[in-house]
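Below: the structure, in structure tokens.
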Amino acid sequence: MPLCSMTIDIDDFLTTVARAVENVQVPVVDLIAVQTGDPYRILVATILSARTKDEVTARAADRLFQLADDIPSLGRLSEDSISRAIYPVGFFRSKAKYLRQLPEALQAFGNQVPESIEDLVTLPGVGRKTANLVRSVAFKKPAICVDTHVHRIMNIWEYVTTDSPFKTEMALRRQLPERHWLTVNSLLVAFGQSICRPVSPHCDICPLAGTCPQRGVTPRRIMKKPSRNNQLPYRFISWNINGIRAVEKKGFAEMLIGFDADIIALQETKAQPDQLSSELKNITGYTSYWHSAERKGYSGVAIYSRLEPLRVLTGIDEPEFDCEGRVLTLEFPTFYLMNIYFPNSGEGLKRLDFKLRFNEALLIFAARLQQEKTVILCGDFNVAHKPIDLKNPAANVKNAGFTPEERAWMDSFIAAGFVDSFRMFNQEPDQYTWWSYRFNARAKNIGWRIDYFCIDAKSRDKILAAAILQEVMGSDHCPVRLEFLA
Ligand code: SF4
């Protein structure tokens, strides 16, 4: 049962938010509602908007409505035509399939968009969040659409204490006055996109600063250039993005700026530098460094850095592993930053031996650097170290990522003098960085903690904070963050 603290004055908070966002562009679905009042267009735009930026959704919806401005004309389009019209919205192939099936599904409701949540969720591609949004926006009926912004901000405010959007919806149904139900989503989406952003919220300009509980928040820093003279900590991010060209379509360049980090280490880039757009190669303020696999579309690591390195090392001097583009190290005056994408042991543990050999070679390489200066290792380690680091330990002892052999190597790594920075600050269960795309695992928080920032033990006092950024979407992993005083 979710806890409900409700210490804030919700009327006051939402009124303040409404004033703060009155000049912010309204979410695209609300805009379409105001412009057309048409449940068909609102439903289609809502389906398109999932995991997609508003500008992309607006353009895609416009192209699609030029081809199909009502349900019967949508029924005459092929899946391929829909797909071409809506590209590049996130998951455009799946959404084209759902939209192709939609007219037939609506026959059960007299070729009209139904009003009730129960009916709406029977439609292809319509989950509870979409159903709530359509019911409230298209029909002005009591419904609370809880998307990632509403869930996140209500928890930051400690108005609810929940660990999933569904639990937030249920908690809000009990405690949020009904007069806010229709508007809370568009207000908090606009607020979440402009001020209380998922990464580094802009608390410095927020009218709620001072009264907001700021639960779990690390606000953005105003000063951009850290230095040893003024002792601002460096901020590092590590993220397995599961394909940089895929995550680019989900607003990666904007997210990267939003991290406001000095170094952003990426794993599983799945691209050679010559396959990257000029936008990805030229992110203002950052220089990027790449170590790609010889095999196209496979593995690969990269680092975006605001700090100029003394040296860039690709690989670990082991051709067997280096051809897979798994390690990239930057040397700075007082530390090494190693970005690593550890191999996956694979189905049937076919690559377990390969992984264990890689792990040993990696440890030898890191130990060598460790003799010179501080070594920070980050990346996707592809192993959950302890039972607390995954949801279902007992069921996974024979599976890749939690075998006794992989965990024993992690023990030996720690014994060799490295510290798991996250566990310096947090001993709680249910802290994960990866979730399967299947079984709605992320929403249910059935996950694994396999992404780490580790540091040699003698430098542990330089770590000021370590966190998991669970709210950042775009990959099956979420980023992890480290604050480090060099
Ligand atoms: S003070 Fe910061 S965390 Fe709180 S609502 Fe404002 S931006 Fe969000």
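How things are named: the first chain in the structure tokens is A, the next is B, and so on; residues count from 1 in each chain; ligands count from 1 in the order shown.
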Item to check | Contact residues around range 447-464 of chain A with only C-alpha atoms at 7 Å, ignoring same-chain residues under 2 positions, as a PyMOL selection string | outcome: chain A and resi 374-384+389-391+417-421+431-435+441-442+445+480+482-486
Checklist entry - Could you name the residues that touch Ser299 in chain A at 12 Å or less, counting only C-alpha atoms, but leaving out those on the same chain fewer than 2 positions away, as a PyMOL selection string? => result chain A and resi 240-244+266-272+290-297+301-302+321-327+340-344+380
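Relative to CA of Asn392 in chain A, CA of Phe422 in chain A is found at 20.0 Å.
One distance worth recording is that between CA of Pro273 in chain A and CA of Val312 in chain A, which is 15.9 Å.
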Item to check | Exercise answer, 10 Å around ligand 1 with only C-alpha atoms and all ligand atoms, as a ChimeraX atom specification | outcome: /A:13,17,152-157,188,191-192,194-198,200-220
Output C-alpha atoms of each residue in that selection to a file, as a PDB file, in the first residue's frame.
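So the final result, stored in out.pdb, reads:
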```
ATOM      1  CA  PHE A  13       1.341  24.099  -5.373  1.00  0.00           C
ATOM      2  CA  VAL A  17       2.656  25.661 -11.175  1.00  0.00           C
ATOM      3  CA  ARG A 152       7.853  11.788 -10.524  1.00  0.00           C
ATOM      4  CA  ILE A 153       6.762  15.248  -9.377  1.00  0.00           C
ATOM      5  CA  MET A 154       4.098  14.022  -6.964  1.00  0.00           C
ATOM      6  CA  ASN A 155       6.805  11.906  -5.310  1.00  0.00           C
ATOM      7  CA  ILE A 156       9.305  14.789  -5.288  1.00  0.00           C
ATOM      8  CA  TRP A 157       6.624  16.817  -3.487  1.00  0.00           C
ATOM      9  CA  LEU A 188       2.771  18.771 -14.597  1.00  0.00           C
ATOM     10  CA  PHE A 191       6.154  21.931 -15.598  1.00  0.00           C
ATOM     11  CA  GLY A 192       8.211  18.730 -15.920  1.00  0.00           C
ATOM     12  CA  SER A 194      10.339  23.218 -18.530  1.00  0.00           C
ATOM     13  CA  ILE A 195      11.314  23.597 -14.852  1.00  0.00           C
ATOM     14  CA  CYS A 196      11.092  20.416 -12.787  1.00  0.00           C
ATOM     15  CA  ARG A 197      12.936  18.440 -15.444  1.00  0.00           C
ATOM     16  CA  PRO A 198      13.678  14.726 -15.010  1.00  0.00           C
ATOM     17  CA  SER A 200      18.863  18.205 -12.957  1.00  0.00           C
ATOM     18  CA  PRO A 201      15.613  20.110 -12.200  1.00  0.00           C
ATOM     19  CA  HIS A 202      15.868  23.880 -12.437  1.00  0.00           C
ATOM     20  CA  CYS A 203      15.204  24.517  -8.746  1.00  0.00           C
ATOM     21  CA  ASP A 204      17.130  27.791  -8.987  1.00  0.00           C
ATOM     22  CA  ILE A 205      14.281  29.362 -11.000  1.00  0.00           C
ATOM     23  CA  CYS A 206      11.394  27.362  -9.525  1.00  0.00           C
ATOM     24  CA  PRO A 207       8.744  29.325  -7.632  1.00  0.00           C
ATOM     25  CA  LEU A 208       8.256  26.317  -5.342  1.00  0.00           C
ATOM     26  CA  ALA A 209      11.865  26.286  -4.144  1.00  0.00           C
ATOM     27  CA  GLY A 210      11.833  26.718  -0.396  1.00  0.00           C
ATOM     28  CA  THR A 211       8.523  24.910   0.123  1.00  0.00           C
ATOM     29  CA  CYS A 212       9.128  21.889  -2.124  1.00  0.00           C
ATOM     30  CA  PRO A 213      10.421  18.830  -0.197  1.00  0.00           C
ATOM     31  CA  GLN A 214      12.709  18.049  -3.203  1.00  0.00           C
ATOM     32  CA  ARG A 215      12.640  14.350  -2.390  1.00  0.00           C
ATOM     33  CA  GLY A 216      15.458  12.515  -4.183  1.00  0.00           C
ATOM     34  CA  VAL A 217      16.369  15.579  -6.254  1.00  0.00           C
ATOM     35  CA  THR A 218      19.791  16.792  -7.335  1.00  0.00           C
ATOM     36  CA  PRO A 219      19.177  20.284  -8.744  1.00  0.00           C
ATOM     37  CA  ARG A 220      21.150  21.582 -11.680  1.00  0.00           C
TER      38      ARG A 220
END
```
Item to check | All strand (DSSP E or B) residues (DSSP, backbone) inside range 172-329 of chain A, as number ranges by chain | outcome: A: 234-240, 263-267, 287-291, 301-305, 311-314, 327-329
Item to check | All helix (DSSP H, G or I) residues (DSSP, backbone) inside range 389-423 of chain A, as a PyMOL selection string | outcome: chain A and resi 389+394-396+404-415+421-423
Next on the checklist: With only C-alpha atoms as the counted atoms, please give the residues lying no more than 12 Å from Gly110 in chain A, apart from itself and same-chain residues fewer than 5 positions off, as a ChimeraX atom specification.
Outcome noted: /A:71-72,103-105
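Proximity ranking of A:Glu320, A:Asp80, A:Asp163, A:Glu279 relative to Glu254 in chain A places A:Glu279 first, based on only C-alpha atoms.
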Checklist outcome for this item: CA of Phe236 in chain A sits from CA of Phe91 in chain A at a separation of 29.3 Å
Need the shell around Arg100 in chain A: protein/DNA/RNA residues with any atom at most 8 Å away, counting only C-alpha atoms. Skip same-chain ones fewer than 6 positions apart. Format as a compact mmCIF listing (two decimals) with C-alpha atoms, in the first residue's frame?
```txt
# COMPACT_ATOMS: atom_id res chain seq x y z
CA LEU A 74 -7.59 5.43 -41.20
CA GLY A 75 -9.02 1.98 -41.94
CA LEU A 77 -4.44 3.03 -44.97
CA SER A 78 -1.88 0.24 -45.07
CA GLU A 79 0.41 -0.35 -42.10
CA ILE A 82 0.94 4.74 -41.52
```
